[in-house]
$ cat protein.txt   # compact mmCIF, C-alpha atoms and all ligand atoms
# COMPACT_ATOMS: atom_id res chain seq x y z
CA MET A 1 6.66 -115.80 -99.97
CA HIS A 2 4.35 -118.67 -100.91
CA GLU A 3 7.25 -121.12 -101.22
CA GLN A 4 8.41 -120.48 -97.65
CA THR A 5 4.92 -121.26 -96.35
CA VAL A 6 4.96 -124.61 -98.15
CA TRP A 7 8.55 -125.40 -97.08
CA THR A 8 7.66 -124.70 -93.45
CA ALA A 9 4.49 -126.81 -93.63
CA VAL A 10 6.39 -129.75 -95.13
CA ASP A 11 9.13 -129.46 -92.48
CA GLU A 12 6.47 -129.46 -89.77
CA TYR A 13 4.84 -132.51 -91.33
CA VAL A 14 8.01 -134.59 -91.72
CA THR A 15 9.45 -133.47 -88.39
CA SER A 16 6.32 -134.46 -86.50
CA ALA A 17 6.16 -137.79 -88.36
CA LEU A 18 9.83 -138.79 -88.29
CA ALA A 19 11.78 -136.54 -85.93
CA PRO A 20 9.44 -135.46 -83.16
CA ASP A 21 10.90 -133.46 -80.30
CA ASP A 22 11.06 -135.23 -77.00
CA GLU A 23 11.34 -133.58 -73.59
CA ALA A 24 15.08 -132.87 -73.79
CA LEU A 25 15.00 -131.47 -77.32
CA ARG A 26 12.01 -129.30 -76.52
CA ALA A 27 13.68 -128.04 -73.35
CA ALA A 28 16.86 -127.27 -75.32
CA GLN A 29 14.90 -125.15 -77.80
CA GLU A 30 12.89 -123.41 -75.10
CA SER A 31 15.85 -122.59 -72.87
CA SER A 32 17.84 -121.34 -75.87
CA GLU A 33 14.99 -119.03 -76.82
CA LYS A 34 14.55 -117.85 -73.23
CA ALA A 35 18.27 -117.09 -72.97
CA GLY A 36 18.03 -114.96 -76.11
CA LEU A 37 20.21 -117.16 -78.29
CA PRO A 38 19.70 -116.59 -82.03
CA PRO A 39 17.09 -118.96 -83.57
CA ILE A 40 19.54 -120.63 -85.93
CA ALA A 41 19.78 -124.23 -84.70
CA VAL A 42 19.20 -126.92 -87.30
CA ALA A 43 15.57 -127.87 -87.86
CA GLY A 44 14.25 -131.08 -86.27
CA ASN A 45 14.36 -133.06 -89.50
CA GLN A 46 17.90 -131.79 -90.14
CA GLY A 47 18.94 -132.84 -86.64
CA LYS A 48 17.52 -136.27 -87.42
CA PHE A 49 19.43 -136.29 -90.71
CA LEU A 50 22.70 -135.61 -88.84
CA HIS A 51 21.80 -138.32 -86.31
CA LEU A 52 21.18 -140.84 -89.09
CA LEU A 53 24.43 -139.89 -90.83
CA ALA A 54 26.30 -140.52 -87.59
CA ARG A 55 24.54 -143.88 -87.20
CA LEU A 56 25.19 -144.88 -90.82
CA GLN A 57 28.81 -143.96 -90.23
CA GLY A 58 28.91 -146.09 -87.08
CA ALA A 59 30.42 -143.02 -85.45
CA ARG A 60 32.12 -143.46 -82.08
CA ARG A 61 33.71 -140.02 -82.03
CA ILE A 62 32.11 -136.83 -83.27
CA LEU A 63 33.50 -133.31 -83.55
CA GLU A 64 31.16 -130.33 -83.76
CA ILE A 65 32.24 -126.75 -84.48
CA GLY A 66 29.52 -124.32 -83.32
CA THR A 67 27.42 -125.52 -80.38
CA LEU A 68 24.89 -122.71 -79.81
CA GLY A 69 22.37 -124.16 -77.30
CA GLY A 70 23.35 -127.74 -78.02
CA TYR A 71 20.33 -128.70 -80.13
CA SER A 72 22.33 -130.32 -82.96
CA THR A 73 24.73 -131.62 -80.31
CA ILE A 74 21.91 -133.62 -78.69
CA TRP A 75 20.87 -135.18 -82.02
CA LEU A 76 24.48 -136.11 -82.79
CA ALA A 77 25.44 -137.34 -79.32
CA ARG A 78 22.38 -139.60 -79.26
CA ALA A 79 23.85 -141.48 -82.21
CA LEU A 80 26.89 -142.50 -80.15
CA PRO A 81 27.39 -145.71 -78.20
CA GLU A 82 27.79 -145.47 -74.42
CA ASP A 83 31.56 -145.23 -74.68
CA GLY A 84 31.35 -142.72 -77.54
CA ARG A 85 32.59 -139.17 -77.31
CA LEU A 86 31.56 -135.84 -78.77
CA VAL A 87 33.59 -132.65 -78.58
CA SER A 88 31.77 -129.41 -79.44
CA LEU A 89 33.60 -126.11 -79.87
CA GLU A 90 31.82 -122.85 -79.01
CA TYR A 91 33.13 -119.30 -78.96
CA ASP A 92 30.44 -117.72 -76.80
CA ALA A 93 30.63 -118.63 -73.09
CA ARG A 94 26.94 -117.83 -72.63
CA HIS A 95 25.94 -120.20 -75.46
CA ALA A 96 28.19 -122.88 -73.99
CA GLU A 97 26.59 -122.46 -70.58
CA VAL A 98 23.07 -122.88 -71.97
CA ALA A 99 24.24 -125.85 -74.05
CA GLY A 100 25.88 -127.45 -71.01
CA GLU A 101 22.58 -127.31 -69.12
CA ASN A 102 20.73 -128.74 -72.11
CA LEU A 103 23.19 -131.62 -72.49
CA ALA A 104 22.97 -132.41 -68.78
CA ARG A 105 19.17 -132.42 -68.98
CA ALA A 106 19.42 -134.81 -71.92
CA GLY A 107 21.72 -137.09 -69.92
CA LEU A 108 24.54 -136.55 -72.41
CA ASP A 109 27.00 -134.54 -70.34
CA ARG A 110 29.32 -137.51 -69.89
CA ILE A 111 29.46 -138.24 -73.62
CA ALA A 112 29.52 -134.66 -74.90
CA GLU A 113 32.09 -132.06 -73.90
CA ILE A 114 31.91 -128.37 -74.79
CA ARG A 115 35.10 -126.39 -75.16
CA VAL A 116 34.77 -122.62 -74.94
CA GLY A 117 36.85 -120.41 -77.20
CA ALA A 118 37.42 -119.53 -80.83
CA ALA A 119 37.49 -122.84 -82.68
CA LEU A 120 40.73 -121.89 -84.44
CA ASP A 121 42.31 -121.66 -80.96
CA SER A 122 40.67 -124.83 -79.62
CA LEU A 123 41.47 -127.00 -82.64
CA PRO A 124 45.29 -126.92 -82.26
CA VAL A 125 44.87 -127.68 -78.53
CA LEU A 126 42.62 -130.61 -79.39
CA ALA A 127 45.04 -131.85 -82.05
CA ALA A 128 47.96 -131.64 -79.60
CA GLU A 129 46.12 -134.13 -77.38
CA ASN A 130 46.52 -136.61 -80.20
CA PRO A 131 42.89 -137.74 -80.04
CA GLU A 132 41.53 -140.84 -81.69
CA PRO A 133 40.31 -139.74 -85.13
CA PHE A 134 36.81 -138.30 -85.38
CA ASP A 135 34.42 -140.35 -87.51
CA LEU A 136 32.19 -137.37 -88.26
CA THR A 137 32.68 -133.62 -88.04
CA PHE A 138 29.79 -131.14 -88.19
CA ILE A 139 30.93 -127.63 -89.08
CA ASP A 140 28.35 -124.97 -88.18
CA ALA A 141 30.09 -121.90 -86.71
CA ASP A 142 31.40 -118.65 -88.25
CA LYS A 143 31.15 -119.27 -91.97
CA VAL A 144 34.16 -117.08 -92.80
CA ASN A 145 36.45 -119.80 -91.39
CA ASN A 146 34.76 -122.75 -93.11
CA ALA A 147 37.77 -123.66 -95.26
CA HIS A 148 40.05 -123.67 -92.19
CA TYR A 149 37.56 -125.85 -90.35
CA VAL A 150 37.50 -128.33 -93.25
CA GLU A 151 41.31 -128.51 -93.12
CA TRP A 152 41.28 -129.07 -89.34
CA ALA A 153 38.53 -131.66 -89.61
CA LEU A 154 40.62 -133.49 -92.20
CA LYS A 155 43.66 -133.42 -89.89
CA LEU A 156 41.57 -134.94 -87.12
CA SER A 157 39.96 -137.58 -89.35
CA ARG A 158 40.74 -141.06 -90.67
CA PRO A 159 40.09 -142.49 -94.13
CA GLY A 160 36.32 -142.99 -94.26
CA SER A 161 35.49 -140.10 -91.92
CA VAL A 162 32.70 -137.76 -92.92
CA ILE A 163 32.69 -133.96 -92.82
CA VAL A 164 29.41 -132.01 -93.00
CA VAL A 165 29.25 -128.24 -93.39
CA ASP A 166 25.96 -126.42 -92.71
CA ASN A 167 24.57 -123.39 -94.53
CA VAL A 168 26.60 -123.59 -97.72
CA VAL A 169 23.91 -122.37 -100.14
CA ARG A 170 22.67 -119.27 -98.34
CA GLY A 171 19.60 -118.57 -100.47
CA GLY A 172 21.68 -119.20 -103.60
CA ARG A 173 24.25 -116.54 -102.79
CA VAL A 174 27.02 -119.16 -102.81
CA THR A 175 27.22 -118.69 -106.59
CA GLU A 176 28.27 -115.04 -106.19
CA HIS A 177 31.91 -115.56 -107.09
CA ASP A 178 32.81 -111.89 -106.71
CA SER A 179 30.99 -111.49 -103.37
CA GLU A 180 32.95 -109.81 -100.61
CA GLU A 181 30.60 -111.04 -97.90
CA PRO A 182 32.82 -113.01 -95.49
CA ALA A 183 30.32 -115.89 -95.14
CA ILE A 184 30.11 -116.34 -98.92
CA VAL A 185 33.87 -116.01 -99.42
CA GLY A 186 34.49 -118.51 -96.60
CA THR A 187 31.94 -120.98 -97.86
CA ARG A 188 33.19 -120.83 -101.44
CA ALA A 189 36.70 -121.42 -100.05
CA ALA A 190 35.40 -124.52 -98.24
CA VAL A 191 33.87 -125.89 -101.45
CA ARG A 192 37.18 -125.16 -103.20
CA ALA A 193 39.11 -126.86 -100.38
CA VAL A 194 37.10 -130.06 -100.89
CA ALA A 195 37.30 -129.85 -104.69
CA ASP A 196 41.07 -129.27 -104.74
CA ASN A 197 42.06 -131.85 -102.15
CA PRO A 198 42.58 -135.37 -103.47
CA ARG A 199 42.08 -136.65 -99.90
CA LEU A 200 38.48 -135.38 -99.96
CA ASP A 201 35.51 -136.31 -102.12
CA GLY A 202 32.35 -134.29 -101.74
CA THR A 203 29.13 -132.77 -102.92
CA VAL A 204 26.58 -130.15 -101.97
CA VAL A 205 22.90 -130.90 -101.49
CA GLN A 206 20.51 -127.93 -101.59
CA THR A 207 17.76 -127.87 -99.00
CA VAL A 208 14.54 -125.94 -98.39
CA GLY A 209 12.53 -125.92 -95.21
CA VAL A 210 11.62 -123.93 -92.15
CA LYS A 211 15.12 -122.43 -92.24
CA GLY A 212 14.68 -121.20 -95.81
CA TYR A 213 16.76 -122.12 -98.83
CA ASP A 214 20.18 -123.44 -97.89
CA GLY A 215 22.25 -126.63 -98.08
CA PHE A 216 24.81 -129.02 -96.71
CA LEU A 217 28.30 -129.76 -97.97
CA LEU A 218 29.12 -133.43 -97.46
CA ALA A 219 32.65 -134.75 -97.82
CA ARG A 220 34.23 -138.14 -97.33
CA VAL A 221 37.85 -138.51 -96.30
CA VAL A 222 39.35 -140.73 -98.99
CA SER A 223 42.86 -141.21 -97.64
N1 LIG B 1 25.08 -126.27 -84.41
C1 LIG B 1 24.07 -125.48 -83.71
C2 LIG B 1 24.00 -124.07 -84.28
C3 LIG B 1 25.29 -123.32 -84.26
S1 LIG B 1 25.06 -121.59 -84.56
C4 LIG B 1 22.71 -126.16 -83.89
O1 LIG B 1 22.37 -126.47 -85.03
O2 LIG B 1 22.00 -126.37 -82.88
C5 LIG B 1 26.71 -121.07 -84.69
C6 LIG B 1 27.48 -121.06 -83.37
O3 LIG B 1 28.86 -120.88 -83.69
C7 LIG B 1 27.10 -119.91 -82.42
O4 LIG B 1 26.80 -120.40 -81.15
C8 LIG B 1 28.34 -119.05 -82.39
O5 LIG B 1 28.58 -118.43 -81.13
C9 LIG B 1 29.42 -120.07 -82.69
N2 LIG B 1 30.67 -119.48 -83.21
C10 LIG B 1 30.82 -118.33 -83.92
N3 LIG B 1 32.11 -118.11 -84.17
C11 LIG B 1 32.80 -119.12 -83.60
C12 LIG B 1 34.18 -119.45 -83.50
N4 LIG B 1 35.12 -118.67 -84.05
N5 LIG B 1 34.53 -120.57 -82.84
C13 LIG B 1 33.58 -121.37 -82.29
N6 LIG B 1 32.26 -121.11 -82.34
C14 LIG B 1 31.88 -120.00 -82.99
C1 LIG B 2 23.03 -118.56 -89.46
C2 LIG B 2 23.90 -119.50 -88.96
C3 LIG B 2 23.56 -120.83 -89.01
O1 LIG B 2 24.40 -121.80 -88.56
C4 LIG B 2 22.36 -121.24 -89.55
O2 LIG B 2 22.08 -122.57 -89.59
C5 LIG B 2 21.47 -120.30 -90.04
C6 LIG B 2 21.82 -118.95 -89.98
C7 LIG B 2 23.39 -117.13 -89.42
O3 LIG B 2 24.46 -116.82 -88.91
O4 LIG B 2 22.60 -116.32 -89.88
MG MG B 3 23.84 -123.74 -89.23
$ encode --input "protein.txt" --output "structure tokens"
Amino acid sequence: MHEQTVWTAVDEYVTSALAPDDEALRAAQESSEKAGLPPIAVAGNQGKFLHLLARLQGARRILEIGTLGGYSTIWLARALPEDGRLVSLEYDARHAEVAGENLARAGLDRIAEIRVGAALDSLPVLAAENPEPFDLTFIDADKVNNAHYVEWALKLSRPGSVIVVDNVVRGGRVTEHDSEEPAIVGTRAAVRAVADNPRLDGTVVQTVGVKGYDGFLLARVVS
């Protein structure tokens, strides 16, 4: 498709100008590929976008759901101050192992902690620890559970916290209200969860790029 060629070229242009890979990011991508992880990490310019959001937010504590090889984790953790903390939840032990190596190589293994297991099992454990509220949550795991993840993120937030959900447009398929595809059902439920909850205020921004046509859901915790 002609459009995809242009989207990819523009992503390459802006990424090389404004979000160039350094040694640790490149190594994270290469080791993830070598380990056979699926090529679904955020693009470089999207990683930079998440990093800037965390900076704008003055984030000291970040929660991530869906680590993969730790590529987005590196972008996010680099936005934190030295005494900041990032917790990333990953179901697949192999992904977590690769991510752990990548975070160590990036010098972020003291700031960023990976917890292995289904996020819906890890989240209650995390909540029971009564952690300081997370300033930003990035939700990027199994899309079927997106609405549950939004609810958990809200529980673990404070007024002013930000919640970002990846992949909410899915080539436009998010409009398919009668879809039975779990990812679409789950994502529409997440949009509904934000719309229906007076404690959340949000929007969706559509994106195109090297990863195709997709989008982010952005929500602010109001109260
Ligand atoms: N955020 C990463 C990409 C994450 S891909 C980046 O941009 O670099 C989605 C990840 O979610 C995969 O590693 C997958 O194993 C993980 N995942 C899938 N189901 C999960 C679950 N129930 N709990 C936690 N992680 C899950
Ligand atoms: C898929 C998952 C992602 O998190 C992503 O950014 C792109 C694709 C997927 O499961 O296909
Ligand atoms: Mg994603």
$ residues_around --input "protein.txt" --residues "A:Gly212" --least-positions-apart "5" --cutoff "9 Å" --atoms "only C-alpha atoms" --output "PyMOL selection string"
chain A and resi 4+7-8+170-171+207
$ atom_distance --input "protein.txt" --atom1 "atom CA of A:Glu90" --atom2 "atom CA of A:Ser223"
28.4 Å
$ closest_atom_pairs --input "protein.txt" --of "chain A" --to "ligand MG 3 (chain B)" --cutoff "12 Å" --atoms "only C-alpha atoms and all ligand atoms" --output "CSV"
residue,atom,partner,partner_atom,distance
A:Pro38,CA,B:MG3,MG,11.0
A:Pro39,CA,B:MG3,MG,10.0
A:Ile40,CA,B:MG3,MG,6.2
A:Ala41,CA,B:MG3,MG,6.1
A:Val42,CA,B:MG3,MG,5.9
A:Ala43,CA,B:MG3,MG,9.3
A:Gln46,CA,B:MG3,MG,10.0
A:Gly47,CA,B:MG3,MG,10.7
A:Leu50,CA,B:MG3,MG,11.9
A:Glu64,CA,B:MG3,MG,11.3
A:Ile65,CA,B:MG3,MG,10.1
A:Gly66,CA,B:MG3,MG,8.2
A:Thr67,CA,B:MG3,MG,9.7
A:Leu68,CA,B:MG3,MG,9.5
A:Gly70,CA,B:MG3,MG,11.9
A:Tyr71,CA,B:MG3,MG,10.9
A:Ser72,CA,B:MG3,MG,9.2
A:Thr73,CA,B:MG3,MG,11.9
A:Phe138,CA,B:MG3,MG,9.6
A:Ile139,CA,B:MG3,MG,8.1
A:Asp140,CA,B:MG3,MG,4.8
A:Ala141,CA,B:MG3,MG,7.0
A:Asp142,CA,B:MG3,MG,9.2
A:Lys143,CA,B:MG3,MG,9.0
A:Asn146,CA,B:MG3,MG,11.6
A:Val164,CA,B:MG3,MG,10.7
A:Val165,CA,B:MG3,MG,8.2
A:Asp166,CA,B:MG3,MG,4.9
A:Asn167,CA,B:MG3,MG,5.4
A:Val168,CA,B:MG3,MG,8.9
A:Val169,CA,B:MG3,MG,11.0
A:Arg170,CA,B:MG3,MG,10.2
A:Ala183,CA,B:MG3,MG,11.8
A:Lys211,CA,B:MG3,MG,9.3
A:Gly212,CA,B:MG3,MG,11.6
A:Asp214,CA,B:MG3,MG,9.4
A:Gly215,CA,B:MG3,MG,9.4
A:Phe216,CA,B:MG3,MG,9.2
A:Leu217,CA,B:MG3,MG,11.5
$ closest_residue --input "protein.txt" --among "A:Gly160, A:Gly100, A:Gly69, A:Pro20" --to "A:Leu37" --atoms "only C-alpha atoms"
A:Gly69
$ residues_around --input "protein.txt" --residues "A:Val162" --least-positions-apart "5" --cutoff "6 Å" --atoms "only C-alpha atoms" --output "list in words"
Leu136, Ala219 and Arg220 of chain A
$ residues_around --input "protein.txt" --residues "A:Arg199" --least-positions-apart "5" --cutoff "12 Å" --atoms "only C-alpha atoms" --output "VMD selection string"
chain A and resid 150 to 151 153 to 155 157 to 162 193 to 194 219 to 223
